[in-house]
Every structure is written in structure tokens, then in C-alpha cells.
>>> print(open('run-v8.txt').read())   # compact mmCIF, C-alpha atoms
# COMPACT_ATOMS: atom_id res chain seq x y z
CA MET C 19 -25.87 -10.82 12.52
CA ILE C 20 -22.12 -11.04 11.98
CA ASP C 21 -22.20 -8.96 8.81
CA GLN C 22 -24.23 -6.24 10.49
CA MET C 23 -21.66 -6.10 13.27
CA PHE C 24 -18.96 -5.18 10.75
CA GLU C 25 -20.96 -2.96 8.42
CA ARG C 26 -20.62 0.25 10.37
CA GLU C 27 -19.83 3.27 8.23
CA ASN C 28 -16.52 4.47 9.69
CA TYR C 29 -15.11 0.97 9.88
CA THR C 30 -16.00 0.18 6.24
CA LEU C 31 -14.57 3.53 5.12
CA ALA C 32 -11.35 2.87 7.06
CA LYS C 33 -10.91 -0.55 5.42
CA LYS C 34 -11.49 0.85 1.93
CA LEU C 35 -9.14 3.79 2.52
CA MET C 36 -6.40 1.40 3.66
CA ASP C 37 -6.67 -0.36 0.30
CA VAL C 38 -6.44 3.02 -1.44
CA SER C 39 -3.35 4.02 0.56
CA HIS C 40 -1.71 0.74 -0.32
CA VAL C 41 -2.31 1.20 -4.06
CA ARG C 42 -1.25 4.85 -3.89
CA HIS C 43 2.09 3.90 -2.30
CA GLN C 44 2.77 1.57 -5.22
CA ALA C 45 2.01 4.41 -7.65
CA ILE C 46 4.32 6.84 -5.81
CA ALA C 47 7.08 4.21 -5.68
CA GLY C 48 6.75 3.86 -9.46
CA ASN C 49 6.87 7.65 -9.92
CA LEU C 50 10.02 8.01 -7.81
CA ALA C 51 11.66 5.08 -9.59
CA ASN C 52 11.07 6.82 -12.94
CA VAL C 53 12.17 10.30 -11.96
CA GLU C 54 14.95 10.19 -14.59
CA THR C 55 13.15 8.26 -17.33
CA PRO C 56 12.60 10.35 -20.47
CA GLY C 57 8.96 11.03 -21.32
CA TYR C 58 7.52 9.37 -18.21
CA LYS C 59 4.21 10.78 -16.92
CA ARG C 60 3.38 10.35 -13.24
CA LYS C 61 0.58 8.06 -12.11
CA ASP C 62 -1.90 8.55 -9.26
CA ILE C 63 -5.31 7.36 -8.01
CA GLN C 64 -8.23 8.47 -10.23
CA ALA C 65 -9.06 12.07 -9.41
CA ASP C 66 -12.77 11.59 -8.65
CA PHE C 67 -12.29 8.78 -6.13
CA ALA C 68 -12.90 11.02 -3.10
CA THR C 69 -16.18 12.37 -4.50
CA GLN C 70 -17.40 8.89 -5.43
CA LEU C 71 -16.63 7.62 -1.93
CA ALA C 72 -18.38 10.60 -0.31
CA LYS C 73 -21.47 10.02 -2.46
CA LEU C 74 -21.67 6.33 -1.53
CA ALA C 75 -21.17 7.17 2.14
CA GLY C 76 -23.96 9.73 1.95
CA GLN C 77 -26.27 7.07 0.51
CA ASP C 78 -25.32 4.62 3.31
CA ASP C 79 -24.33 2.07 0.69
CA MET C 80 -21.86 -0.14 2.60
CA LYS C 81 -21.68 -2.83 -0.06
CA GLY C 82 -21.08 -0.14 -2.68
CA ILE C 83 -18.19 1.26 -0.66
CA ALA C 84 -16.68 -2.20 -0.26
CA SER C 85 -16.80 -2.80 -4.02
CA LEU C 86 -15.39 0.58 -5.11
CA LYS C 87 -12.00 -0.03 -6.71
CA PRO C 88 -9.07 2.39 -6.63
CA THR C 89 -7.38 2.42 -10.03
CA LEU C 90 -4.27 4.18 -11.23
CA ARG C 91 -4.57 6.86 -13.88
CA THR C 92 -1.79 8.64 -15.72
CA ASP C 93 -1.63 12.28 -14.73
CA PHE C 94 -1.12 14.36 -17.89
CA ALA C 95 -2.18 17.58 -16.20
CA SER C 96 1.00 18.10 -14.17
CA PRO C 97 3.53 20.38 -15.86
CA ALA C 98 6.65 18.81 -17.34
CA VAL C 99 9.77 19.53 -15.29
CA ARG C 100 12.34 18.34 -17.81
CA ALA C 101 12.86 18.93 -21.49
CA ASP C 102 12.07 15.29 -22.32
CA GLY C 103 8.49 15.58 -20.96
CA ASN C 104 9.04 13.85 -17.58
CA ASN C 105 6.58 15.44 -15.12
CA VAL C 106 7.70 13.85 -11.83
CA GLN C 107 8.64 16.41 -9.17
CA MET C 108 10.78 14.52 -6.67
CA ASP C 109 10.05 16.71 -3.63
CA LYS C 110 6.30 16.67 -4.26
CA GLU C 111 6.30 12.88 -4.59
CA LEU C 112 8.25 12.46 -1.34
CA LEU C 113 5.79 14.74 0.42
CA GLU C 114 2.83 12.75 -0.94
CA MET C 115 4.49 9.54 0.18
CA ASN C 116 4.90 10.82 3.74
CA LYS C 117 1.28 12.00 3.83
CA ASN C 118 0.15 8.63 2.54
CA ALA C 119 2.18 6.73 5.13
CA THR C 120 0.75 8.80 7.99
CA GLN C 121 -2.75 8.24 6.64
CA TYR C 122 -2.12 4.48 6.52
CA GLU C 123 -0.89 4.51 10.11
CA PHE C 124 -3.99 6.40 11.27
CA LEU C 125 -6.30 3.96 9.48
CA ALA C 126 -4.47 0.93 10.88
CA ASN C 127 -4.80 2.33 14.39
CA TYR C 128 -8.48 3.11 13.91
CA THR C 129 -9.19 -0.39 12.58
CA ALA C 130 -7.32 -1.97 15.49
CA ASN C 131 -9.27 0.12 18.00
CA SER C 132 -12.60 -0.67 16.35
CA MET C 133 -11.83 -4.36 16.59
CA LYS C 134 -10.86 -4.08 20.25
CA ARG C 135 -14.11 -2.28 21.04
CA ILE C 136 -16.21 -5.00 19.41
CA LYS C 137 -14.28 -7.68 21.28
CA THR C 138 -14.82 -5.87 24.58
CA ALA C 139 -18.53 -5.68 23.87
CA ILE C 140 -18.74 -9.37 23.05
CA THR C 141 -16.72 -10.87 25.84
CA GLY C 142 -17.58 -8.37 28.52
CA ARG C 143 -13.96 -8.18 29.61
CA VAL C 144 -12.00 -4.99 28.99
CA MET C 145 -9.43 -5.75 26.26
CA MET F 5 -39.88 -22.85 23.61
CA ILE F 6 -36.63 -22.15 25.34
CA ASP F 7 -36.71 -19.07 27.52
CA THR F 8 -34.38 -16.67 25.77
CA SER F 9 -34.25 -14.08 28.54
CA THR F 10 -30.52 -14.50 29.15
CA PHE F 11 -29.89 -14.32 25.42
CA THR F 12 -31.87 -11.09 25.26
CA ALA F 13 -29.87 -9.85 28.24
CA SER F 14 -26.60 -10.45 26.43
CA LYS F 15 -27.94 -8.71 23.32
CA GLN F 16 -28.95 -5.74 25.51
CA PHE F 17 -25.46 -5.64 27.00
CA PHE F 18 -24.01 -5.60 23.47
CA ASP F 19 -26.34 -2.74 22.43
CA ASN F 20 -25.41 -0.74 25.52
CA ALA F 21 -21.71 -1.24 24.95
CA ALA F 22 -22.09 -0.09 21.34
CA ILE F 23 -23.91 3.05 22.56
CA GLN F 24 -21.22 3.93 25.14
CA GLN F 25 -18.69 5.18 22.58
CA PRO F 26 -16.92 8.49 23.36
CA LYS F 27 -19.33 11.24 22.39
CA PRO F 28 -18.07 13.85 19.90
CA GLN F 29 -19.64 17.30 19.69
CA ILE F 30 -21.98 16.22 16.91
CA GLU F 31 -24.94 13.83 17.19
CA ILE F 32 -24.06 10.16 17.03
CA PRO F 33 -26.09 8.67 14.18
CA THR F 34 -28.33 5.96 15.54
CA LYS F 35 -28.87 4.25 12.21
CA ASP F 36 -25.86 1.97 12.81
CA LEU F 37 -27.21 0.85 16.19
CA GLU F 38 -30.64 0.12 14.77
CA LYS F 39 -29.03 -2.09 12.15
CA ILE F 40 -27.21 -4.13 14.80
CA GLY F 41 -30.28 -4.34 17.03
CA ASN F 42 -32.52 -5.69 14.29
CA VAL F 43 -31.23 -9.22 14.41
CA ALA F 44 -34.44 -11.29 14.45
CA LYS F 45 -37.04 -10.62 11.82
CA PRO F 46 -40.61 -11.36 12.87
CA GLY F 47 -41.54 -14.88 11.92
CA GLN F 48 -37.95 -16.16 11.74
CA SER F 49 -37.49 -19.25 13.88
CA PHE F 50 -34.81 -19.52 16.52
CA ASP F 51 -32.86 -22.36 14.94
CA ASN F 52 -32.81 -20.43 11.62
CA MET F 53 -31.16 -17.59 13.47
CA VAL F 54 -28.53 -19.85 15.03
CA GLY F 55 -27.98 -21.59 11.69
CA ASN F 56 -27.39 -18.23 9.97
CA LEU F 57 -24.97 -17.25 12.70
CA VAL F 58 -22.88 -20.38 12.21
CA LYS F 59 -22.94 -19.93 8.42
CA ASP F 60 -21.75 -16.31 8.71
CA VAL F 61 -18.92 -17.28 11.03
CA ALA F 62 -17.84 -20.08 8.68
CA GLU F 63 -17.88 -17.64 5.75
CA LYS F 64 -15.69 -15.15 7.62
CA GLY F 65 -13.29 -17.97 8.46
CA ARG F 66 -13.13 -18.98 4.81
CA VAL F 67 -12.38 -15.44 3.65
CA ALA F 68 -9.60 -15.14 6.24
CA GLN F 69 -8.11 -18.42 5.11
CA VAL F 70 -8.18 -17.44 1.41
CA GLU F 71 -6.58 -14.02 2.06
CA THR F 72 -3.80 -15.45 4.22
CA ASN F 73 -3.18 -18.18 1.69
CA LYS F 74 -2.72 -15.59 -1.06
CA VAL F 75 -0.19 -13.67 1.04
CA LEU F 76 1.74 -16.81 2.01
CA LEU F 77 2.02 -17.95 -1.60
CA GLY F 78 3.27 -14.55 -2.70
CA GLU F 79 0.27 -13.87 -4.95
CA SER F 80 -0.71 -10.75 -3.07
CA ASP F 81 1.02 -8.15 -0.92
CA ASN F 82 -2.15 -6.92 0.80
CA ILE F 83 -1.16 -7.88 4.31
CA HIS F 84 -3.61 -5.44 5.87
CA GLN F 85 -6.51 -7.29 4.25
CA SER F 86 -5.21 -10.56 5.61
CA MET F 87 -4.81 -9.11 9.12
CA ILE F 88 -8.29 -7.54 9.08
CA ALA F 89 -9.86 -10.76 7.80
CA MET F 90 -8.15 -12.78 10.53
CA GLN F 91 -9.31 -10.37 13.23
CA GLU F 92 -12.88 -10.29 11.92
CA SER F 93 -13.04 -14.07 11.80
CA GLY F 94 -11.68 -14.32 15.36
CA THR F 95 -14.19 -11.77 16.63
CA ALA F 96 -17.08 -13.49 14.85
CA PHE F 97 -16.01 -16.80 16.33
CA SER F 98 -15.85 -15.43 19.86
CA MET F 99 -19.31 -13.89 19.32
CA MET F 100 -20.58 -17.36 18.49
CA VAL F 101 -18.85 -18.83 21.55
CA GLU F 102 -20.45 -16.23 23.82
CA VAL F 103 -23.88 -16.92 22.32
CA ARG F 104 -23.33 -20.62 22.98
CA ASN F 105 -22.27 -19.93 26.58
CA LYS F 106 -25.38 -17.89 27.22
CA LEU F 107 -27.60 -20.54 25.65
CA VAL F 108 -26.04 -23.24 27.84
CA THR F 109 -26.59 -21.08 30.95
CA ALA F 110 -30.17 -20.49 29.90
CA TYR F 111 -30.73 -24.20 29.42
CA GLN F 112 -29.26 -25.03 32.80
CA GLU F 113 -31.52 -22.46 34.45
CA LEU F 114 -34.45 -23.99 32.64
CA ILE F 115 -33.57 -27.48 33.88
CA LYS F 116 -33.44 -26.20 37.47
CA MET F 117 -37.01 -24.94 37.21
CA PRO F 118 -39.40 -27.04 39.25
CA VAL F 119 -42.17 -28.49 37.10
CA MET P 28 6.11 -13.71 0.19
CA ASN P 29 5.95 -10.02 -0.59
CA LEU P 30 4.87 -8.09 2.46
CA MET P 31 5.92 -4.53 1.60
CA PRO P 32 3.96 -2.58 -0.99
CA GLY P 33 5.71 -1.69 -4.22
CA ILE P 34 9.08 -3.06 -3.13
CA ASP P 35 9.99 -4.67 -6.47
CA THR P 36 9.52 -1.35 -8.27
CA THR P 37 11.88 0.38 -5.86
CA ALA P 38 14.38 -2.47 -6.10
CA SER P 39 14.59 -1.96 -9.87
CA ALA P 40 15.14 1.77 -9.37
CA LEU P 41 17.93 1.22 -6.83
CA GLN P 42 19.63 -1.20 -9.19
CA ALA P 43 19.43 1.21 -12.14
CA GLU P 44 20.68 4.20 -10.13
CA LYS P 45 23.57 2.18 -8.75
CA THR P 46 24.63 1.18 -12.28
CA ARG P 47 24.41 4.82 -13.33
CA LEU P 48 26.66 5.84 -10.43
CA ASP P 49 29.14 3.12 -11.39
CA ILE P 50 29.30 4.43 -14.96
CA ILE P 51 29.78 8.01 -13.75
CA GLY P 52 32.60 6.83 -11.50
CA GLN P 53 34.19 5.07 -14.47
CA ASN P 54 33.93 8.24 -16.55
CA ILE P 55 35.58 10.36 -13.89
CA ALA P 56 38.35 7.82 -13.34
CA ASN P 57 39.12 7.83 -17.08
CA ALA P 58 38.98 11.60 -17.54
CA ASN P 59 42.62 11.67 -18.58
CA THR P 60 42.97 8.36 -20.43
CA THR P 61 44.35 9.38 -23.81
CA ARG P 62 44.93 5.82 -24.98
CA GLY P 63 42.23 3.26 -24.28
CA VAL P 64 42.13 -0.48 -25.14
CA ASP P 65 41.44 0.25 -28.80
CA GLY P 66 44.22 2.87 -29.04
CA LYS P 67 41.81 5.80 -29.15
CA PRO P 68 41.10 8.22 -26.29
CA TYR P 69 38.50 7.09 -23.73
CA ALA P 70 34.91 7.75 -24.90
CA ARG P 71 32.47 8.89 -22.23
CA GLN P 72 29.76 6.28 -21.47
CA MET P 73 26.13 7.40 -21.30
CA VAL P 74 23.33 5.54 -19.57
CA SER P 75 19.73 5.74 -20.80
CA PHE P 76 16.74 4.64 -18.74
CA GLU P 77 13.42 3.22 -19.80
CA SER P 78 10.28 2.16 -17.91
CA LYS P 79 9.77 -1.51 -17.25
CA MET P 80 6.51 -3.13 -16.13
CA ILE P 81 7.00 -5.22 -13.00
CA GLU P 82 4.48 -7.73 -11.70
CA LEU P 83 3.47 -6.76 -8.18
CA GLY P 84 1.07 -9.55 -7.34
CA LYS P 85 -2.69 -9.93 -7.49
CA SER P 86 -5.01 -7.39 -5.98
CA SER P 87 -8.17 -8.33 -4.08
CA ASP P 88 -10.26 -9.01 -7.19
CA GLY P 89 -7.71 -11.35 -8.74
CA SER P 90 -6.36 -9.05 -11.44
CA MET P 91 -2.59 -8.70 -11.67
CA GLN P 92 -1.23 -5.38 -10.54
CA TYR P 93 1.71 -3.86 -12.33
CA GLY P 94 4.20 -1.32 -11.09
CA GLN P 95 6.32 0.79 -13.38
CA GLY P 96 9.91 0.17 -12.53
CA VAL P 97 12.92 1.39 -14.41
CA ALA P 98 15.62 -0.46 -16.29
CA ILE P 99 18.79 0.56 -18.10
CA LYS P 100 18.00 0.53 -21.81
CA ASP P 101 21.62 0.61 -22.93
CA ILE P 102 25.02 2.04 -22.16
CA GLN P 103 26.35 3.94 -25.15
CA ALA P 104 29.60 5.68 -25.84
CA ASP P 105 29.46 9.37 -26.54
CA LYS P 106 30.97 9.72 -30.01
CA THR P 107 31.76 13.44 -29.92
CA ASP P 108 35.43 14.32 -30.01
CA GLY P 109 37.18 15.53 -26.94
CA PRO P 110 39.21 18.75 -26.82
CA LEU P 111 42.65 19.01 -28.38
CA VAL P 112 45.28 20.12 -25.91
CA PHE P 113 48.72 21.42 -26.72
CA ASN P 114 51.20 19.13 -24.96
CA PRO P 115 54.25 18.33 -27.14
CA GLY P 116 56.04 16.21 -24.52
CA HIS P 117 53.15 13.77 -24.15
CA PRO P 118 53.73 10.24 -25.54
CA ASP P 119 50.41 10.41 -27.43
CA ALA P 120 51.09 13.81 -29.02
CA ASP P 121 50.68 13.90 -32.80
CA GLU P 122 53.11 15.68 -35.19
CA LYS P 123 51.73 19.15 -34.27
CA GLY P 124 52.16 18.50 -30.53
CA MET P 125 48.40 18.29 -29.87
CA VAL P 126 46.92 15.56 -27.67
CA ARG P 127 43.26 14.54 -28.06
CA MET P 128 41.78 14.29 -24.51
CA PRO P 129 38.74 12.20 -23.62
CA ASN P 130 35.36 13.95 -23.96
CA VAL P 131 34.70 13.71 -20.20
CA ASN P 132 33.72 17.01 -18.59
CA VAL P 133 34.34 16.41 -14.88
CA THR P 134 31.97 19.17 -13.73
CA HIS P 135 29.19 17.70 -15.83
CA GLU P 136 29.85 14.26 -14.37
CA MET P 137 29.79 15.64 -10.81
CA VAL P 138 26.37 17.21 -11.40
CA ASP P 139 25.13 13.91 -12.81
CA MET P 140 26.49 12.14 -9.77
CA ILE P 141 24.62 14.45 -7.40
CA ALA P 142 21.38 13.87 -9.30
CA ALA P 143 21.88 10.10 -9.27
CA SER P 144 22.61 9.95 -5.55
CA ARG P 145 19.58 12.17 -4.78
CA SER P 146 17.46 9.73 -6.77
CA TYR P 147 19.02 6.80 -4.92
CA GLU P 148 18.35 8.45 -1.57
CA ALA P 149 14.71 9.14 -2.49
CA ASN P 150 14.19 5.48 -3.40
CA LEU P 151 15.76 4.40 -0.10
CA GLN P 152 13.22 6.62 1.63
CA VAL P 153 10.47 4.78 -0.27
CA VAL P 154 11.77 1.44 1.05
CA ARG P 155 11.83 2.75 4.61
CA THR P 156 8.29 4.04 4.33
CA ALA P 157 7.05 0.76 2.86
CA LYS P 158 8.59 -1.13 5.77
CA GLN P 159 6.95 1.27 8.22
CA MET P 160 3.56 0.79 6.54
CA ALA P 161 3.91 -2.98 6.74
CA SER P 162 4.68 -2.93 10.45
CA GLN P 163 1.72 -0.60 11.04
CA ALA P 164 -0.57 -3.05 9.26
CA MET P 165 0.67 -5.85 11.50
CA ARG P 166 -0.31 -3.89 14.59
CA ILE P 167 -3.95 -4.40 13.65
CA GLY P 168 -3.92 -7.75 15.34
CA ARG P 169 -2.34 -6.68 18.55
>>> encode(input="run-v8.txt", output="C-alpha cells")
Amino acid sequence: MIDQMFERENYTLAKKLMDVSHVRHQAIAGNLANVETPGYKRKDIQADFATQLAKLAGQDDMKGIASLKPTLRTDFASPAVRADGNNVQMDKELLEMNKNATQYEFLANYTANSMKRIKTAITGRVM
Amino acid sequence: MIDTSTFTASKQFFDNAAIQQPKPQIEIPTKDLEKIGNVAKPGQSFDNMVGNLVKDVAEKGRVAQVETNKVLLGESDNIHQSMIAMQESGTAFSMMVEVRNKLVTAYQELIKMPV
Amino acid sequence: MNLMPGIDTTASALQAEKTRLDIIGQNIANANTTRGVDGKPYARQMVSFESKMIELGKSSDGSMQYGQGVAIKDIQADKTDGPLVFNPGHPDADEKGMVRMPNVNVTHEMVDMIAASRSYEANLQVVRTAKQMASQAMRIGR
């Protein structure tokens, strides 16, 4: 009964995407730290994560979504910006970081609201 | 058997509250609601259901405790997981408390019934 | 207790950039030092960076997560000779009246300094964002 209460699709997706945002921020922090390191290649979340998540959501597989792991992959496809092979573009990374932070804020708000709604339904008092 | 009419009433209230979410332009999928509604399987006894409820709540509490412990000891920096786990465990616990309240009310009404 | 994501990585970057700025400042200050401690003109110091793996803490499945921070590999002196300047009255002038100046090009150092402080500023922005994310996560309970 309790598990079914928390296995709604949007809520599970929001929790998983918060994990992804968290990992992505660590990757971007590493990229910005190494903007001057010779030969460094930028890291990001694996490129097919969004499609995998969409497929699992389409199949209604909540446990599959909860067990999907975001991993960091080295991005060799970006063009090198310096002669030593470093491919970190500082402005692009800052932009991605801001996007990521806004996404995290949205997901935190959604999760908080979801929880409040469930509590209101349980106790009968408006939270 | 204990008359579970007030328990059913509280379950109904929960279903209705879940349905009254703000309606977007598109159809709200009802598959989530069916999943919540299907609590009792046919043939499952009442004390099995209550036992499962208590076990689930204890499990949620254990997960919350483990997550918070990892954050406190510096092993993990996933504070959002710890916060979510704490909230889920609190909500599950208050669900159990409400179920208990309704059961007690039902029992008291039963006692008042003239034989 | 590490509550902000990726903060150790950024801390290493801030430390490295600060050292680089210190070295640039030292170079600029010594742009005219014709006689250093060893009697020779000041040799420009160069900083080289390398990636360093930093332990960030365990993720949800128990495996250790690593961030790629940055560390100063070494600080080396630039061995190229500086320009020879004609200055017969100078105490360090040789028999032809030429003085060997340090190999510090102030314009070059200024450009380096701008790049280093841009990097530093970007990493400060990362710290601010991480703090903001952490306080957003704590609003879940409210």
C-alpha cells in the first residue's frame, strides 16, 4: 500500500532526475576546474540517458526507472578550443550549469508539492 | 468480522483527493489511481493487510535512517535523497496513524451496537 | 559532512588558480630585476596544471564517486634568455654596456592574469550555484 502511494510516474521521474542533476553538477564543476588543464576532455552524463528514461516511462516500469543509473562519460565529440586538445568552453559550461541549477530547483519544488498533496489526502487537513 | 465501513470511507476519501488534482488540457491517466485503489487482493485476510502496512512503514523508516546516516558521516553528499526519504517515511507513518485512528473509531462504533 | 555537490573539486580549482595568480604577480613584480639571488637576471616562473582525482563520497549504490579536480604539477623557470638592452650606466652592464633583462613580457603576463581571474570567477560561480542547489533540496521538507 505504501509503495503504491509513492510509485506514481511523475514523482518517480522527478526523484530520478534530481539524482541526474546532482551528478551533472559534479561533472560541470570538474569541467570548469580543468578549463586550463592541457589535454583535458570534458565529461557529461551519457548521451542516451534521456531516451532510455523515456522508454522506461513509456513501459510504465517504475522499478526500472528507479534503478537507472546516471554515469559520466568523456565527451570526445566536442571540438578542441585550445592547441593542447582541451575541449572545455567556459561560457557553454556556465550556461549548462545555470540550466542544471534551475532544473534542480524545479524538481525540488515539484517533489515538495507532491509530498504536501499526499499528506493533505491522508490527514484530511489542508497542509 | 469487524465492520470496515469507516475504513472503506477513508480509502474513498483518499481516492477522491487523489482524483482532484488540477486538470491539465490532456487526459489524466487513470492507471496511477487504479494502482492505488487496488490495495486488497481477493482472498487476502485483513490482518495480513495491516501486517504488510506496518512492514512497509518500517522499511521506509529504515531507508530514511540509512540515508541520513550516510550524509551525517560524510560518506555521501546526496542530501536530496536523505530529505526525500525522511519525508516519505513521515508520510507513510502518518498514513499508518490515520488507519489506526479509523480502526479505533470503527471498533468503538461496533461496541456501541446493541446486541 | 559534505552537503554541497562537487565542492571539493571546485576547492582544488580555486586553490590552483590562486597559486597561478600569485606566480603571475611575482613575475610582474620582478620584471626589472637584473640581479636575482643567484646573481643572474630573474627567470620567469611558469605554472603547469594537471588533473587530479578527488574522492567525492559514495553514491546511492555504494560505489565511490570521483570528481576531476586540478592540481599544480610544478612551477618551472623559463630558461629562455631575456632581451639585451643598451644601458651603459647600469651597475649590471657588461663591458659592451648591454644589460640582460629578465625574460618577463608584461603584456603576456597581463593576458595570463585576465585568463586566471576569469577562471577563478567561473569557479566561484560554481560554488554559489552548488550552495543554491543545496538550499533548494532542503526546502523539500518544508
>>> interface_residues(input="run-v8.txt", of="chain P", to="chain C", cutoff="10 Å", atoms="only C-alpha atoms", output="PyMOL selection string")
chain P and resi 31-41+43-44+75-81+83+86-88+92-99+142-143+145-147+149-150+152-154+156-157+159-169
>>> atom_distance(input="run-v8.txt", atom1="atom CA of Thr107 of chain P", atom2="atom CA of Ala98 of chain C")
28.6 Å
>>> atom_distance(input="run-v8.txt", atom1="atom CA of Val70 of chain F", atom2="atom CA of Ser90 of chain P")
15.5 Å
>>> residues_around(input="run-v8.txt", residues="Gly52 of chain P", least_positions_apart="6", cutoff="12 Å", atoms="only C-alpha atoms", output="MDAnalysis selection string")
chainID P and resid 45:46 58 71:73 131 133 136:137 139:141 143
>>> interface_residues(input="run-v8.txt", of="chain F", to="chain P", cutoff="9 Å", atoms="only C-alpha atoms", output="VMD selection string")
chain F and resid 71 74 to 85 87 to 88 90 to 91
>>> write_last_selection(input="run-v8.txt", atoms="C-alpha atoms", output="PDB file, in the coordinates of the input")
ATOM      1  CA  GLU F  71      -6.580 -14.020   2.060  1.00  0.00           C
ATOM      2  CA  LYS F  74      -2.720 -15.590  -1.060  1.00  0.00           C
ATOM      3  CA  VAL F  75      -0.190 -13.670   1.040  1.00  0.00           C
ATOM      4  CA  LEU F  76       1.740 -16.810   2.010  1.00  0.00           C
ATOM      5  CA  LEU F  77       2.020 -17.950  -1.600  1.00  0.00           C
ATOM      6  CA  GLY F  78       3.270 -14.550  -2.700  1.00  0.00           C
ATOM      7  CA  GLU F  79       0.270 -13.870  -4.950  1.00  0.00           C
ATOM      8  CA  SER F  80      -0.710 -10.750  -3.070  1.00  0.00           C
ATOM      9  CA  ASP F  81       1.020  -8.150  -0.920  1.00  0.00           C
ATOM     10  CA  ASN F  82      -2.150  -6.920   0.800  1.00  0.00           C
ATOM     11  CA  ILE F  83      -1.160  -7.880   4.310  1.00  0.00           C
ATOM     12  CA  HIS F  84      -3.610  -5.440   5.870  1.00  0.00           C
ATOM     13  CA  GLN F  85      -6.510  -7.290   4.250  1.00  0.00           C
ATOM     14  CA  MET F  87      -4.810  -9.110   9.120  1.00  0.00           C
ATOM     15  CA  ILE F  88      -8.290  -7.540   9.080  1.00  0.00           C
ATOM     16  CA  MET F  90      -8.150 -12.780  10.530  1.00  0.00           C
ATOM     17  CA  GLN F  91      -9.310 -10.370  13.230  1.00  0.00           C
TER      18      GLN F  91
END
>>> atom_distance(input="run-v8.txt", atom1="atom CA of Phe113 of chain P", atom2="atom CA of Ile50 of chain P")
28.4 Å
>>> closest_atom_pairs(input="run-v8.txt", of="chain C", to="chain F", cutoff="9 Å", atoms="all atoms listed in the file", output="tab-separated table")
residue	atom	partner	partner_atom	distance
C:Met19	CA	F:Val43	CA	5.9
C:Ile20	CA	F:Asp60	CA	6.2
C:Asp21	CA	F:Asp60	CA	7.4
C:Gln22	CA	F:Ile40	CA	5.6
C:Met23	CA	F:Ile40	CA	6.1
C:Phe24	CA	F:Glu92	CA	8.0
C:Glu25	CA	F:Asp36	CA	8.2
C:Arg26	CA	F:Asp36	CA	6.0
C:Glu27	CA	F:Asp36	CA	7.7
C:Lys33	CA	F:Gln85	CA	8.1
C:Met36	CA	F:His84	CA	7.7
C:Asp37	CA	F:Gln85	CA	8.0
C:His40	CA	F:Asn82	CA	7.8
C:Ala126	CA	F:His84	CA	8.1
C:Thr129	CA	F:Ile88	CA	8.0
C:Ala130	CA	F:Ile88	CA	8.5
C:Met133	CA	F:Gln91	CA	7.3
C:Arg135	CA	F:Ala22	CA	8.3
C:Ile136	CA	F:Thr95	CA	7.6
C:Lys137	CA	F:Thr95	CA	6.2
C:Thr138	CA	F:Ala21	CA	8.3
C:Ala139	CA	F:Phe18	CA	5.5
C:Ile140	CA	F:Met99	CA	5.9
C:Thr141	CA	F:Glu102	CA	6.8
C:Gly142	CA	F:Phe17	CA	8.5
>>> residues_around(input="run-v8.txt", residues="Met128 of chain P", least_positions_apart="2", cutoff="7 Å", atoms="all atoms listed in the file", output="ChimeraX atom specification")
/P:59,61,68,109-112,126,130
>>> write_last_selection(input="run-v8.txt", atoms="C-alpha atoms", output="CSV table (one decimal), in the frame of the given file")
chain,number,residue,atom,x,y,z
P,59,ASN,CA,42.6,11.7,-18.6
P,61,THR,CA,44.4,9.4,-23.8
P,68,PRO,CA,41.1,8.2,-26.3
P,109,GLY,CA,37.2,15.5,-26.9
P,110,PRO,CA,39.2,18.8,-26.8
P,111,LEU,CA,42.6,19.0,-28.4
P,112,VAL,CA,45.3,20.1,-25.9
P,126,VAL,CA,46.9,15.6,-27.7
P,130,ASN,CA,35.4,14.0,-24.0
